[in-house]
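Colleague: So that you have it, the file is input.tsv, and it contains TSV, C-alpha atoms and all ligand atoms:
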```tsv
chain	number	residue	atom	x	y	z
A	26	ILE	CA	8.26	29.18	8.27
A	27	THR	CA	5.24	28.96	6.02
A	28	SER	CA	3.99	25.38	6.07
A	29	ARG	CA	4.22	23.47	2.80
A	30	LEU	CA	1.50	21.17	4.15
A	31	PRO	CA	-0.80	23.38	6.23
A	32	GLN	CA	-3.62	20.80	6.38
A	33	VAL	CA	-1.42	17.99	7.62
A	34	GLY	CA	-0.84	16.86	11.20
A	35	THR	CA	0.60	13.60	12.56
A	36	THR	CA	-0.64	10.56	10.64
A	37	ILE	CA	-3.51	8.50	11.99
A	38	PHE	CA	-1.20	5.43	12.07
A	39	THR	CA	1.30	7.12	14.38
A	40	THR	CA	-1.49	8.56	16.53
A	41	MET	CA	-3.31	5.25	16.98
A	42	SER	CA	-0.12	3.24	17.61
A	43	ALA	CA	0.93	5.74	20.30
A	44	LEU	CA	-2.51	5.50	21.93
A	45	ALA	CA	-2.39	1.68	21.75
A	46	VAL	CA	0.96	1.67	23.56
A	47	GLN	CA	-0.27	4.17	26.13
A	48	CYS	CA	-3.42	2.12	26.83
A	49	ARG	CA	-1.70	-1.28	26.47
A	50	ALA	CA	-4.32	-2.13	23.89
A	51	VAL	CA	-4.03	-4.87	21.28
A	52	ASN	CA	-2.85	-2.89	18.27
A	53	LEU	CA	-4.89	-3.83	15.20
A	54	GLY	CA	-4.55	-0.25	13.91
A	55	GLN	CA	-1.35	0.52	12.01
A	56	GLY	CA	-0.65	-2.17	9.43
A	57	PHE	CA	2.35	-4.28	10.41
A	58	PRO	CA	2.90	-7.92	11.40
A	59	ASP	CA	3.55	-8.76	15.05
A	60	PHE	CA	5.52	-11.87	14.06
A	61	GLY	CA	9.03	-12.31	12.70
A	62	CYS	CA	10.18	-12.75	9.12
A	63	ASP	CA	11.71	-15.91	7.67
A	64	PRO	CA	15.06	-16.48	9.46
A	65	ARG	CA	16.59	-17.34	6.07
A	66	LEU	CA	15.99	-13.73	5.03
A	67	VAL	CA	17.77	-12.41	8.13
A	68	ASP	CA	20.63	-14.84	7.43
A	69	ALA	CA	20.89	-13.64	3.84
A	70	VAL	CA	21.21	-10.00	4.98
A	71	ALA	CA	23.68	-10.85	7.78
A	72	GLU	CA	25.74	-12.83	5.31
A	73	ALA	CA	25.74	-9.90	2.86
A	74	MET	CA	27.05	-7.64	5.64
A	75	ARG	CA	29.76	-10.14	6.62
A	76	GLN	CA	30.77	-10.44	2.98
A	77	GLY	CA	31.41	-6.71	2.93
A	78	HIS	CA	28.35	-5.41	1.06
A	79	ASN	CA	28.39	-2.29	3.20
A	80	GLN	CA	29.26	0.61	0.89
A	81	TYR	CA	27.04	2.53	-1.53
A	82	PRO	CA	25.27	0.36	-4.07
A	83	PRO	CA	24.53	1.77	-7.55
A	84	MET	CA	22.16	4.75	-7.45
A	85	THR	CA	19.45	2.67	-9.17
A	86	GLY	CA	19.80	-0.27	-6.76
A	87	VAL	CA	21.83	-3.50	-6.57
A	88	ALA	CA	21.81	-5.08	-10.05
A	89	ALA	CA	21.00	-8.58	-8.77
A	90	LEU	CA	17.92	-7.26	-6.97
A	91	ARG	CA	16.71	-5.30	-10.02
A	92	GLU	CA	17.16	-8.46	-12.10
A	93	ALA	CA	15.31	-10.59	-9.54
A	94	VAL	CA	12.43	-8.08	-9.50
A	95	ALA	CA	12.26	-7.94	-13.31
A	96	GLY	CA	12.26	-11.76	-13.43
A	97	LYS	CA	9.46	-11.98	-10.86
A	98	ILE	CA	7.28	-9.47	-12.71
A	99	ALA	CA	7.87	-11.27	-16.02
A	100	ALA	CA	6.98	-14.64	-14.48
A	101	LEU	CA	3.87	-13.41	-12.65
A	102	TYR	CA	2.47	-10.73	-14.95
A	103	GLY	CA	4.08	-11.42	-18.33
A	104	HIS	CA	5.67	-8.00	-18.78
A	105	GLY	CA	9.40	-7.86	-19.49
A	106	TYR	CA	10.90	-4.81	-17.77
A	107	ASP	CA	14.56	-4.08	-18.53
A	108	ALA	CA	16.30	-4.41	-15.14
A	109	GLN	CA	18.89	-1.82	-16.16
A	110	ALA	CA	16.62	0.90	-17.49
A	111	GLU	CA	13.19	0.25	-16.00
A	112	ILE	CA	13.51	-0.99	-12.39
A	113	THR	CA	14.63	1.18	-9.45
A	114	ILE	CA	15.02	0.18	-5.79
A	115	THR	CA	13.54	2.69	-3.32
A	116	ALA	CA	13.37	3.34	0.41
A	117	GLY	CA	9.97	1.67	0.70
A	118	ALA	CA	6.84	2.44	-1.26
A	119	THR	CA	6.37	5.80	0.45
A	120	GLN	CA	9.55	7.24	-1.08
A	121	ALA	CA	8.67	5.67	-4.43
A	122	LEU	CA	5.25	7.36	-4.41
A	123	LEU	CA	6.62	10.79	-3.51
A	124	THR	CA	9.53	10.57	-5.94
A	125	ALA	CA	7.29	9.46	-8.80
A	126	MET	CA	4.96	12.35	-8.06
A	127	LEU	CA	7.78	14.92	-7.97
A	128	ALA	CA	9.19	13.49	-11.20
A	129	ALA	CA	5.95	13.30	-13.18
A	130	VAL	CA	3.83	16.21	-12.04
A	131	GLN	CA	4.19	19.97	-12.53
A	132	PRO	CA	2.69	22.90	-10.62
A	133	GLY	CA	-0.75	23.53	-12.10
A	134	ASP	CA	-1.35	19.89	-13.02
A	135	GLU	CA	-4.27	17.92	-11.63
A	136	VAL	CA	-3.86	14.45	-10.16
A	137	ILE	CA	-6.83	12.14	-9.58
A	138	VAL	CA	-6.99	10.04	-6.41
A	139	LEU	CA	-9.81	7.67	-5.53
A	140	ASP	CA	-11.26	8.26	-2.09
A	141	PRO	CA	-10.74	6.66	0.39
A	142	CYS	CA	-7.00	6.63	-0.34
A	143	TYR	CA	-3.73	6.01	1.48
A	144	ASP	CA	-2.69	9.05	3.45
A	145	SER	CA	0.57	9.86	1.64
A	146	TYR	CA	-0.92	10.42	-1.83
A	147	VAL	CA	-2.44	13.86	-1.43
A	148	PRO	CA	0.51	15.40	0.49
A	149	ALA	CA	2.79	14.05	-2.26
A	150	ILE	CA	0.64	15.76	-4.89
A	151	GLU	CA	0.69	19.00	-2.92
A	152	LEU	CA	4.48	18.89	-2.44
A	153	ALA	CA	4.75	18.58	-6.23
A	154	GLY	CA	2.72	21.80	-6.49
A	155	ALA	CA	-0.19	20.04	-8.18
A	156	THR	CA	-3.86	19.85	-7.23
A	157	ALA	CA	-5.48	16.65	-5.97
A	158	VAL	CA	-8.87	15.85	-7.50
A	159	ARG	CA	-10.62	13.42	-5.18
A	160	VAL	CA	-13.04	11.06	-6.92
A	161	PRO	CA	-15.01	8.80	-4.57
A	162	LEU	CA	-15.01	5.05	-4.95
A	163	THR	CA	-18.57	3.70	-4.87
A	164	PRO	CA	-19.74	3.99	-1.23
A	165	GLY	CA	-20.37	0.56	0.30
A	166	SER	CA	-18.58	-1.52	-2.33
A	167	PHE	CA	-15.47	0.68	-2.69
A	168	ARG	CA	-15.35	-0.24	-6.39
A	169	PRO	CA	-14.12	2.28	-9.01
A	170	ASP	CA	-16.85	4.37	-10.62
A	171	PHE	CA	-15.56	4.88	-14.16
A	172	ASP	CA	-18.22	7.42	-15.08
A	173	ARG	CA	-17.01	9.65	-12.25
A	174	ILE	CA	-13.36	9.02	-13.06
A	175	GLY	CA	-14.01	9.83	-16.71
A	176	ALA	CA	-15.85	13.02	-15.76
A	177	ALA	CA	-12.90	14.12	-13.60
A	178	ILE	CA	-10.37	13.83	-16.44
A	179	GLY	CA	-9.73	17.20	-18.04
A	180	PRO	CA	-7.01	19.02	-19.98
A	181	ARG	CA	-4.91	19.53	-16.84
A	182	THR	CA	-5.11	15.93	-15.61
A	183	ARG	CA	-1.56	14.60	-15.58
A	184	LEU	CA	-1.81	11.42	-13.52
A	185	ILE	CA	-4.17	9.09	-11.68
A	186	VAL	CA	-3.19	7.13	-8.57
A	187	ILE	CA	-4.72	3.67	-8.23
A	188	ASN	CA	-4.29	1.10	-5.45
A	189	SER	CA	-5.29	-2.56	-5.77
A	190	PRO	CA	-5.49	-4.50	-3.48
A	191	HIS	CA	-6.92	-1.44	-1.78
A	192	ASN	CA	-6.02	0.00	1.60
A	193	PRO	CA	-8.30	0.38	3.58
A	194	SER	CA	-11.19	-1.56	1.99
A	195	GLY	CA	-9.43	-4.73	0.77
A	196	THR	CA	-11.07	-4.43	-2.66
A	197	VAL	CA	-9.18	-6.09	-5.53
A	198	TRP	CA	-9.71	-4.66	-9.01
A	199	SER	CA	-10.98	-7.19	-11.54
A	200	GLU	CA	-9.68	-7.79	-15.05
A	201	ALA	CA	-12.78	-6.01	-16.40
A	202	GLU	CA	-12.01	-2.95	-14.26
A	203	MET	CA	-8.39	-2.85	-15.42
A	204	LEU	CA	-9.50	-3.11	-19.05
A	205	ARG	CA	-12.03	-0.34	-18.46
A	206	LEU	CA	-9.28	1.90	-17.06
A	207	GLN	CA	-7.04	1.08	-20.02
A	208	GLU	CA	-9.83	1.98	-22.43
A	209	LEU	CA	-10.67	5.19	-20.56
A	210	LEU	CA	-7.08	6.42	-20.61
A	211	ALA	CA	-6.32	5.32	-24.20
A	212	PRO	CA	-7.23	8.67	-25.83
A	213	THR	CA	-5.45	10.70	-23.11
A	214	ASN	CA	-1.84	11.29	-22.05
A	215	VAL	CA	-2.69	10.69	-18.36
A	216	LEU	CA	-0.01	8.74	-16.45
A	217	VAL	CA	-0.77	6.09	-13.82
A	218	LEU	CA	0.86	5.65	-10.42
A	219	SER	CA	-0.16	2.15	-9.40
A	220	ASP	CA	0.37	1.31	-5.73
A	221	GLU	CA	0.59	-2.48	-5.65
A	222	VAL	CA	2.19	-2.99	-2.25
A	223	TYR	CA	-0.40	-5.69	-1.39
A	224	GLU	CA	0.10	-7.57	-4.69
A	225	HIS	CA	0.72	-10.87	-2.87
A	226	MET	CA	-2.24	-10.62	-0.52
A	227	VAL	CA	-5.20	-11.64	-2.65
A	228	TYR	CA	-7.67	-14.28	-1.47
A	229	ASP	CA	-10.29	-16.82	-2.57
A	230	GLY	CA	-8.36	-17.70	-5.72
A	231	LEU	CA	-8.56	-14.16	-7.15
A	232	ALA	CA	-5.63	-12.95	-9.25
A	233	HIS	CA	-3.81	-9.67	-8.73
A	234	CYS	CA	-4.34	-7.66	-11.92
A	235	SER	CA	-1.12	-5.63	-12.02
A	236	VAL	CA	-1.14	-2.71	-14.45
A	237	SER	CA	1.95	-4.36	-15.95
A	238	ARG	CA	-0.32	-7.06	-17.41
A	239	TYR	CA	-2.02	-4.49	-19.67
A	240	PRO	CA	0.27	-3.01	-22.35
A	241	GLY	CA	-1.77	0.17	-22.71
A	242	LEU	CA	-1.48	0.81	-18.97
A	243	ALA	CA	2.10	-0.47	-18.49
A	244	ALA	CA	3.31	2.04	-21.10
A	245	ARG	CA	2.08	4.95	-18.95
A	246	SER	CA	2.58	3.58	-15.44
A	247	PHE	CA	4.87	3.70	-12.46
A	248	VAL	CA	4.28	0.39	-10.64
A	249	VAL	CA	5.16	0.56	-6.94
A	250	SER	CA	5.66	-2.37	-4.56
A	251	SER	CA	7.30	-2.97	-1.17
A	252	PHE	CA	9.23	-5.86	0.36
A	253	GLY	CA	8.05	-4.66	3.76
A	254	LYS	CA	4.57	-6.05	3.08
A	255	THR	CA	5.59	-9.15	1.16
A	256	PHE	CA	8.28	-10.45	3.52
A	257	HIS	CA	6.96	-9.21	6.92
A	258	VAL	CA	9.70	-6.57	7.29
A	259	THR	CA	7.89	-3.21	7.29
A	260	GLY	CA	10.81	-1.67	9.22
A	261	TRP	CA	13.32	-2.37	6.47
A	262	LYS	CA	11.79	0.18	4.10
A	263	VAL	CA	12.86	-1.33	0.78
A	264	GLY	CA	10.55	-0.99	-2.21
A	265	THR	CA	10.56	-1.00	-6.00
A	266	VAL	CA	9.37	1.05	-8.94
A	267	ALA	CA	8.94	-0.44	-12.40
A	268	ALA	CA	8.26	1.99	-15.24
A	269	PRO	CA	9.08	2.42	-18.95
A	270	ALA	CA	12.59	3.75	-19.59
A	271	ALA	CA	11.53	7.35	-20.28
A	272	LEU	CA	9.54	7.52	-17.04
A	273	THR	CA	12.28	5.74	-15.10
A	274	ALA	CA	14.88	8.23	-16.36
A	275	GLU	CA	12.84	11.12	-14.91
A	276	PHE	CA	12.15	9.14	-11.72
A	277	ARG	CA	15.88	8.57	-11.20
A	278	LYS	CA	16.71	12.25	-11.67
A	279	VAL	CA	14.66	12.97	-8.56
A	280	HIS	CA	15.57	9.75	-6.72
A	281	GLN	CA	19.31	10.49	-6.84
A	282	PHE	CA	18.82	13.77	-4.98
A	283	ASN	CA	16.08	12.46	-2.72
A	284	VAL	CA	17.85	9.43	-1.17
A	285	PHE	CA	20.54	8.77	-3.83
A	286	THR	CA	20.22	5.04	-3.09
A	287	VAL	CA	19.01	2.45	-0.58
A	288	ASN	CA	20.94	0.38	2.01
A	289	THR	CA	23.14	-2.28	0.38
A	290	PRO	CA	23.02	-5.40	2.57
A	291	MET	CA	19.23	-5.60	2.60
A	292	GLN	CA	19.22	-5.36	-1.19
A	293	VAL	CA	21.82	-8.12	-1.56
A	294	GLY	CA	19.97	-10.31	0.95
A	295	LEU	CA	16.60	-9.71	-0.73
A	296	ALA	CA	18.09	-10.52	-4.16
A	297	ARG	CA	19.23	-13.92	-2.87
A	298	TYR	CA	16.01	-14.61	-0.99
A	299	LEU	CA	13.92	-13.82	-4.08
A	300	GLN	CA	15.50	-16.73	-5.94
A	301	ASP	CA	12.92	-18.92	-4.19
A	302	PRO	CA	9.37	-17.94	-5.18
A	303	ALA	CA	7.76	-20.09	-2.44
A	304	PRO	CA	7.65	-17.35	0.24
A	305	TYR	CA	5.62	-14.90	-1.85
A	306	LEU	CA	3.60	-17.56	-3.65
A	307	GLY	CA	2.58	-18.91	-0.25
A	308	LEU	CA	1.44	-15.54	1.07
A	309	PRO	CA	-2.23	-15.68	-0.06
A	310	ALA	CA	-2.79	-18.98	1.78
A	311	PHE	CA	-0.89	-17.73	4.85
A	312	TYR	CA	-2.96	-14.56	5.17
A	313	GLN	CA	-6.24	-16.10	4.06
A	314	THR	CA	-6.06	-18.39	7.10
A	315	LYS	CA	-5.64	-15.34	9.34
A	316	ARG	CA	-8.42	-13.46	7.57
A	317	ASP	CA	-10.82	-16.39	7.92
A	318	PHE	CA	-9.93	-16.89	11.60
A	319	PHE	CA	-10.49	-13.21	12.36
A	320	ARG	CA	-13.73	-13.05	10.37
A	321	ALA	CA	-15.09	-16.19	12.03
A	322	GLY	CA	-14.39	-14.65	15.45
A	323	LEU	CA	-16.13	-11.40	14.54
A	324	GLN	CA	-19.31	-13.23	13.46
A	325	SER	CA	-20.32	-13.36	17.12
A	326	SER	CA	-19.85	-9.62	17.66
A	327	ARG	CA	-22.18	-6.84	16.59
A	328	LEU	CA	-19.59	-5.52	14.15
A	329	ARG	CA	-20.76	-6.22	10.59
A	330	LEU	CA	-18.08	-7.64	8.33
A	331	LEU	CA	-17.40	-6.06	4.96
A	332	ASP	CA	-15.87	-8.10	2.13
A	333	CYS	CA	-12.11	-8.57	2.24
A	334	GLN	CA	-10.69	-9.73	-1.10
A	335	GLY	CA	-7.10	-8.70	-0.41
A	336	THR	CA	-4.61	-6.76	1.83
A	337	TYR	CA	-4.21	-7.60	5.51
A	338	PHE	CA	-7.05	-5.34	6.55
A	339	GLN	CA	-10.60	-6.24	7.57
A	340	SER	CA	-13.16	-3.43	7.59
A	341	VAL	CA	-16.30	-3.54	9.72
A	342	ASP	CA	-19.49	-1.52	9.92
A	343	ILE	CA	-19.88	-0.18	13.47
A	344	SER	CA	-23.40	1.20	13.16
A	345	ALA	CA	-25.05	-1.55	15.27
A	346	VAL	CA	-22.63	-0.78	18.11
A	347	THR	CA	-22.35	3.02	18.23
A	348	THR	CA	-23.40	6.35	16.82
A	349	LEU	CA	-20.02	7.88	17.59
A	350	PRO	CA	-17.97	9.29	14.71
A	351	GLU	CA	-15.35	6.75	13.55
A	352	VAL	CA	-12.40	8.63	15.09
A	353	ASP	CA	-14.13	8.88	18.48
A	354	PHE	CA	-15.20	5.25	18.34
A	355	CYS	CA	-11.60	4.14	17.60
A	356	GLU	CA	-10.32	6.18	20.52
A	357	TRP	CA	-13.01	4.72	22.81
A	358	LEU	CA	-12.30	1.19	21.56
A	359	THR	CA	-8.60	1.60	22.29
A	360	ARG	CA	-9.09	3.16	25.73
A	361	GLU	CA	-12.07	1.20	27.03
A	362	ILE	CA	-12.09	-2.12	25.17
A	363	GLY	CA	-8.36	-2.41	24.62
A	364	VAL	CA	-8.27	-2.86	20.84
A	365	ALA	CA	-6.87	-0.22	18.46
A	366	ALA	CA	-8.37	0.26	14.98
A	367	ILE	CA	-8.15	2.86	12.20
A	368	PRO	CA	-11.13	5.08	11.24
A	369	THR	CA	-11.86	4.92	7.51
A	370	SER	CA	-12.80	8.60	7.61
A	371	ALA	CA	-9.04	9.35	7.89
A	372	PHE	CA	-8.64	8.20	4.27
A	373	TYR	CA	-11.12	10.78	2.91
A	374	GLY	CA	-10.36	14.42	2.15
A	375	ASP	CA	-13.43	15.66	3.96
A	376	GLY	CA	-13.44	13.02	6.73
A	377	PHE	CA	-16.53	11.37	5.18
A	378	GLU	CA	-18.32	9.30	7.82
A	379	GLN	CA	-19.97	6.01	6.98
A	380	GLY	CA	-19.42	4.11	10.25
A	381	ILE	CA	-16.59	1.89	9.03
A	382	VAL	CA	-13.33	1.09	10.81
A	383	ARG	CA	-10.32	-1.03	9.75
A	384	PHE	CA	-8.53	-3.79	11.66
A	385	CYS	CA	-5.15	-5.27	10.67
A	386	PHE	CA	-5.12	-9.09	10.92
A	387	ALA	CA	-1.38	-9.55	10.22
A	388	LYS	CA	-1.01	-10.85	13.77
A	389	GLN	CA	-0.18	-14.05	15.62
A	390	GLU	CA	-3.20	-16.18	16.39
A	391	ALA	CA	-2.81	-15.44	20.13
A	392	THR	CA	-3.03	-11.69	19.38
A	393	LEU	CA	-6.15	-12.17	17.27
A	394	VAL	CA	-7.72	-14.34	20.00
A	395	GLN	CA	-7.08	-11.64	22.60
A	396	ALA	CA	-8.57	-8.95	20.36
A	397	LEU	CA	-11.59	-11.11	19.46
A	398	GLU	CA	-12.37	-11.85	23.12
A	399	ARG	CA	-12.62	-8.11	23.66
A	400	LEU	CA	-14.51	-7.33	20.44
A	401	GLN	CA	-17.07	-10.10	21.04
A	402	LYS	CA	-18.25	-8.17	24.12
A	403	LEU	CA	-19.32	-5.21	21.98
A	501	LIG	N1	0.90	2.28	0.07
A	501	LIG	C1	-0.03	1.65	0.80
A	501	LIG	C2	-1.38	1.45	0.23
A	501	LIG	C3	0.30	1.20	2.08
A	501	LIG	O1	-0.63	0.60	2.82
A	501	LIG	C4	1.61	1.40	2.56
A	501	LIG	C5	2.05	0.87	3.90
A	501	LIG	N2	1.41	1.14	4.95
A	501	LIG	C6	2.53	2.08	1.78
A	501	LIG	C7	2.14	2.50	0.52
A	501	LIG	C8	3.91	2.38	2.27
A	501	LIG	O2	4.77	1.30	2.15
A	501	LIG	P1	6.26	1.36	2.74
A	501	LIG	O3	6.18	0.99	4.17
A	501	LIG	O4	7.02	0.37	1.92
A	501	LIG	O5	6.76	2.75	2.54
A	502	LIG	N1	0.50	1.35	5.58
A	502	LIG	C1	0.25	1.19	6.98
A	502	LIG	C2	-1.24	1.19	7.23
A	502	LIG	O1	-2.03	1.47	6.36
A	502	LIG	C3	0.86	2.25	7.84
A	502	LIG	C4	2.16	2.79	7.45
A	502	LIG	C5	2.46	4.01	8.28
A	502	LIG	O2	2.42	3.93	9.49
A	502	LIG	N2	2.69	5.09	7.64
A	502	LIG	O3	-1.63	0.91	8.32
```
Here is the file; what I need is its structure written in the form of structure tokens.
Modeller:
Amino acid sequence: ITSRLPQVGTTIFTTMSALAVQCRAVNLGQGFPDFGCDPRLVDAVAEAMRQGHNQYPPMTGVAALREAVAGKIAALYGHGYDAQAEITITAGATQALLTAMLAAVQPGDEVIVLDPCYDSYVPAIELAGATAVRVPLTPGSFRPDFDRIGAAIGPRTRLIVINSPHNPSGTVWSEAEMLRLQELLAPTNVLVLSDEVYEHMVYDGLAHCSVSRYPGLAARSFVVSSFGKTFHVTGWKVGTVAAPAALTAEFRKVHQFNVFTVNTPMQVGLARYLQDPAPYLGLPAFYQTKRDFFRAGLQSSRLRLLDCQGTYFQSVDISAVTTLPEVDFCEWLTREIGVAAIPTSAFYGDGFEQGIVRFCFAKQEATLVQALERLQKL
């Protein structure tokens, strides 16, 4: 067959996890926790199964979960989404991103992504028949460059994908940056796909500036999140999309023929578990402790720490250690030092090299200690 995605191979996350297993390395590559979730969440799902919540839920998702999500967004960000018409439950953020793209974008449209970006965005744009326009974030700081974004917007621009807190750099967009985006898009009909899967991993007292806080952005946005990140259950693949009713209606037209709906007992269990805000409100402190522990350990290595305002990723500059390209360095580090990492170049269209690699610190302290002992020898 003729490939729909001729440029695409196996993702860097799969590749590095396989290498980590093969080399018995400490896997700080692919982003996932190596610890369990709250047993109360498992109990809630098991209970839902025992109670017989095992047949198809509504196509849009279990009502109680949509209501819990709408309530959480209203409480945290002050935007009242209608649970019936504006919230949809998805099979993780990945399906939400692809479905939103297929629903909103036509062949011939242009979609702006900000490089470096998560690896599913550009294939999703291409599967929708549209063209990705890659606009670099400012090298070094990874902050949005609004002059460049503005210059990239043209008559065919249909949508822009944004991601704060940002994978891989950990940058968190400020209120001023969100207002700047709102102002920039005001005279246009450009839609926004806002990937907010790390919304609860923001440190040092910073606030997550969801697009839903800004009426001019909320009115044109699909807001994507994922319980996998928030509740340490990346394997469950349950996510959410919040969007105005007209956008949600188009989203659901695609969603119903993409997955139709998402497994019932996890939705029922998550709806019950969400009644207590403590688990997600406690997440910044939980992960900030891990971030600080990992950063403190890396101070005595020759890896130079970059800022980490959010996400569970810590990026480092490797230039004092090696002149190898990032991909080769990550392979060497996994094979010879026994720690897997992700090359930042994998998040750029042209494999742009700046000597930066990403570690995931969503790990037990013993795992971080083992990795640090190895990295401190560099
Ligand atoms: N977006 C970003 C920025 C991510 O880091 C991830 C997870 N790795 C996803 C989307 C996908 O989330 P999910 O596992 O819920 O599909
Ligand atoms: N989002 C995860 C990361 O950035 C990986 C998810 C995946 O393996 N596709 O590491």
Colleague: Within 10 Å of Leu162 (chain A), counting all atoms listed in the file, which residues qualify if same-chain residues fewer than 4 places away don't, as a ChimeraX atom specification?
Modeller: /A:138-142,166-171,173-174
Colleague: Between chain A and ligand LIG 502 (chain A), at 10 Å or less, what are the per-residue closest atom pairs and their distances in Å? Count all atoms listed in the file, order by chain and rising residue number, and return it as a Markdown table.
Modeller:
```
| residue | atom | partner | partner_atom | distance |
| --- | --- | --- | --- | --- |
| A:Thr36 | CA | A:LIG502 | N2 | 7.1 |
| A:Ile37 | CA | A:LIG502 | O2 | 7.9 |
| A:Phe38 | CA | A:LIG502 | O2 | 4.7 |
| A:Thr39 | CA | A:LIG502 | O2 | 5.9 |
| A:Thr40 | CA | A:LIG502 | O2 | 9.3 |
| A:Met41 | CA | A:LIG502 | O2 | 9.5 |
| A:Ser42 | CA | A:LIG502 | O2 | 8.5 |
| A:Leu53 | CA | A:LIG502 | O3 | 9.0 |
| A:Gly54 | CA | A:LIG502 | O3 | 6.4 |
| A:Gln55 | CA | A:LIG502 | O3 | 3.7 |
| A:Gly56 | CA | A:LIG502 | O3 | 3.4 |
| A:Phe57 | CA | A:LIG502 | C1 | 6.8 |
| A:Ala118 | CA | A:LIG502 | N1 | 9.4 |
| A:Thr119 | CA | A:LIG502 | N2 | 8.1 |
| A:Cys142 | CA | A:LIG502 | O1 | 9.8 |
| A:Tyr143 | CA | A:LIG502 | O1 | 6.9 |
| A:Asp144 | CA | A:LIG502 | N2 | 7.9 |
| A:Ser145 | CA | A:LIG502 | N2 | 8.0 |
| A:His191 | CA | A:LIG502 | O1 | 9.9 |
| A:Asn192 | CA | A:LIG502 | O1 | 6.4 |
| A:Pro193 | CA | A:LIG502 | O1 | 6.9 |
| A:Val222 | CA | A:LIG502 | N1 | 9.1 |
| A:Tyr223 | CA | A:LIG502 | N1 | 9.9 |
| A:Gly253 | CA | A:LIG502 | N1 | 9.8 |
| A:Lys254 | CA | A:LIG502 | N1 | 8.8 |
| A:Thr259 | CA | A:LIG502 | C4 | 8.3 |
| A:Gly260 | CA | A:LIG502 | C4 | 9.9 |
| A:Thr336 | CA | A:LIG502 | O1 | 9.7 |
| A:Tyr337 | CA | A:LIG502 | O3 | 9.3 |
| A:Phe338 | CA | A:LIG502 | O3 | 8.5 |
| A:Ala366 | CA | A:LIG502 | O3 | 9.5 |
| A:Ile367 | CA | A:LIG502 | O3 | 7.8 |
| A:Phe372 | CA | A:LIG502 | O1 | 9.7 |
| A:Arg383 | CA | A:LIG502 | O3 | 9.0 |
| A:Phe384 | CA | A:LIG502 | O3 | 9.0 |
| A:Cys385 | CA | A:LIG502 | O3 | 7.5 |
```
Colleague: Write out as a list in words the residues lying within 12 Å of Phe354 (chain A), counting all atoms listed in the file and excluding same-chain residues fewer than 4 positions away.
Modeller: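 So the residues in contact are Met41, Asp342, Ile343, Ser344, Val346, Thr347, Thr348, Leu349, Pro350, Leu358, Thr359, Arg360, Glu361, Ile362, Val364, Ala365, Ala366, Ile367, Pro368, Thr369, Ser370, Glu378, Gly380, Ile381, Val382, Arg383 and Leu403 of chain A.
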Colleague: Centre and edge lengths of an axis-aligned box around all listed atoms of ligand LIG 501 (chain A), with 6 Å added on each side, are to be given in Å to one decimal, as AutoDock Vina command-line options.
Modeller:
```
--center_x 2.8 --center_y 1.6 --center_z 2.5 --size_x 20.4 --size_y 14.4 --size_z 16.9
```
Colleague: Identify, on the basis of only C-alpha atoms, every residue whose closest approach to Gly230 (chain A) does not exceed 12 Å; exclude the query and any residue fewer than 6 positions from it along the same chain; express the result as a list in words.
Modeller: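 The residues that qualify are Val197, Pro309, Ala310, Gln313, Gln334 and Gly335 of chain A.
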Colleague: When you draw a straight line from CA of Gln207 (chain A) to CA of Ile98 (chain A), how long is it in Å?
Modeller: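 CA of Ile98 (chain A) lies 19.2 Å from CA of Gln207 (chain A).
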Colleague: Around the point (18.6, 8.7, -3.2) (coordinates from the file), which residues reach within 10 Å if we count all atoms listed in the file? Answer as a CSV table (one decimal) with C-alpha atoms, keeping the file's coordinate frame.
Modeller:
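Okay, part20.csv is ready:
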```
chain,number,residue,atom,x,y,z
A,84,MET,CA,22.2,4.8,-7.4
A,85,THR,CA,19.4,2.7,-9.2
A,86,GLY,CA,19.8,-0.3,-6.8
A,114,ILE,CA,15.0,0.2,-5.8
A,115,THR,CA,13.5,2.7,-3.3
A,116,ALA,CA,13.4,3.3,0.4
A,120,GLN,CA,9.6,7.2,-1.1
A,124,THR,CA,9.5,10.6,-5.9
A,277,ARG,CA,15.9,8.6,-11.2
A,278,LYS,CA,16.7,12.2,-11.7
A,279,VAL,CA,14.7,13.0,-8.6
A,280,HIS,CA,15.6,9.8,-6.7
A,281,GLN,CA,19.3,10.5,-6.8
A,282,PHE,CA,18.8,13.8,-5.0
A,283,ASN,CA,16.1,12.5,-2.7
A,284,VAL,CA,17.8,9.4,-1.2
A,285,PHE,CA,20.5,8.8,-3.8
A,286,THR,CA,20.2,5.0,-3.1
A,287,VAL,CA,19.0,2.4,-0.6
```
Colleague: Tell me which protein, DNA and RNA residues are within 8 Å of Ala71 (chain A), counting only C-alpha atoms, leaving out same-chain ones fewer than 4 positions away, and put them as a list in words.
Modeller: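 My reading of the contact set: Val67, Arg75, Pro290 and Gly294 of chain A.
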Colleague: Using all atoms listed in the file, pick whichever of A:Leu218, A:Leu330, A:Leu299, A:Val394 has the shortest atom-to-atom distance to ligand LIG 501 (chain A).
Modeller: A:Leu218
Colleague: Calculate how many Å separate CA of Gly154 (chain A) from CA of Asp134 (chain A), rounding to one decimal.
Modeller: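 Rounded to one decimal, the two atoms are 7.9 Å apart.
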Colleague: Hey, which of A:Thr289, A:Ala267, A:Asp59, A:Ala155 ends up closest to Ala88 (chain A)? Count only C-alpha atoms.
Modeller: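 Once distances to Ala88 (chain A) are computed over only C-alpha atoms, the minimum belongs to A:Thr289.
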Colleague: For atom C1 of ligand LIG 501 (chain A) and CA of Leu44 (chain A), quote the distance in Å rounded to one decimal.
Modeller: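 These two atoms are separated by 21.6 Å.
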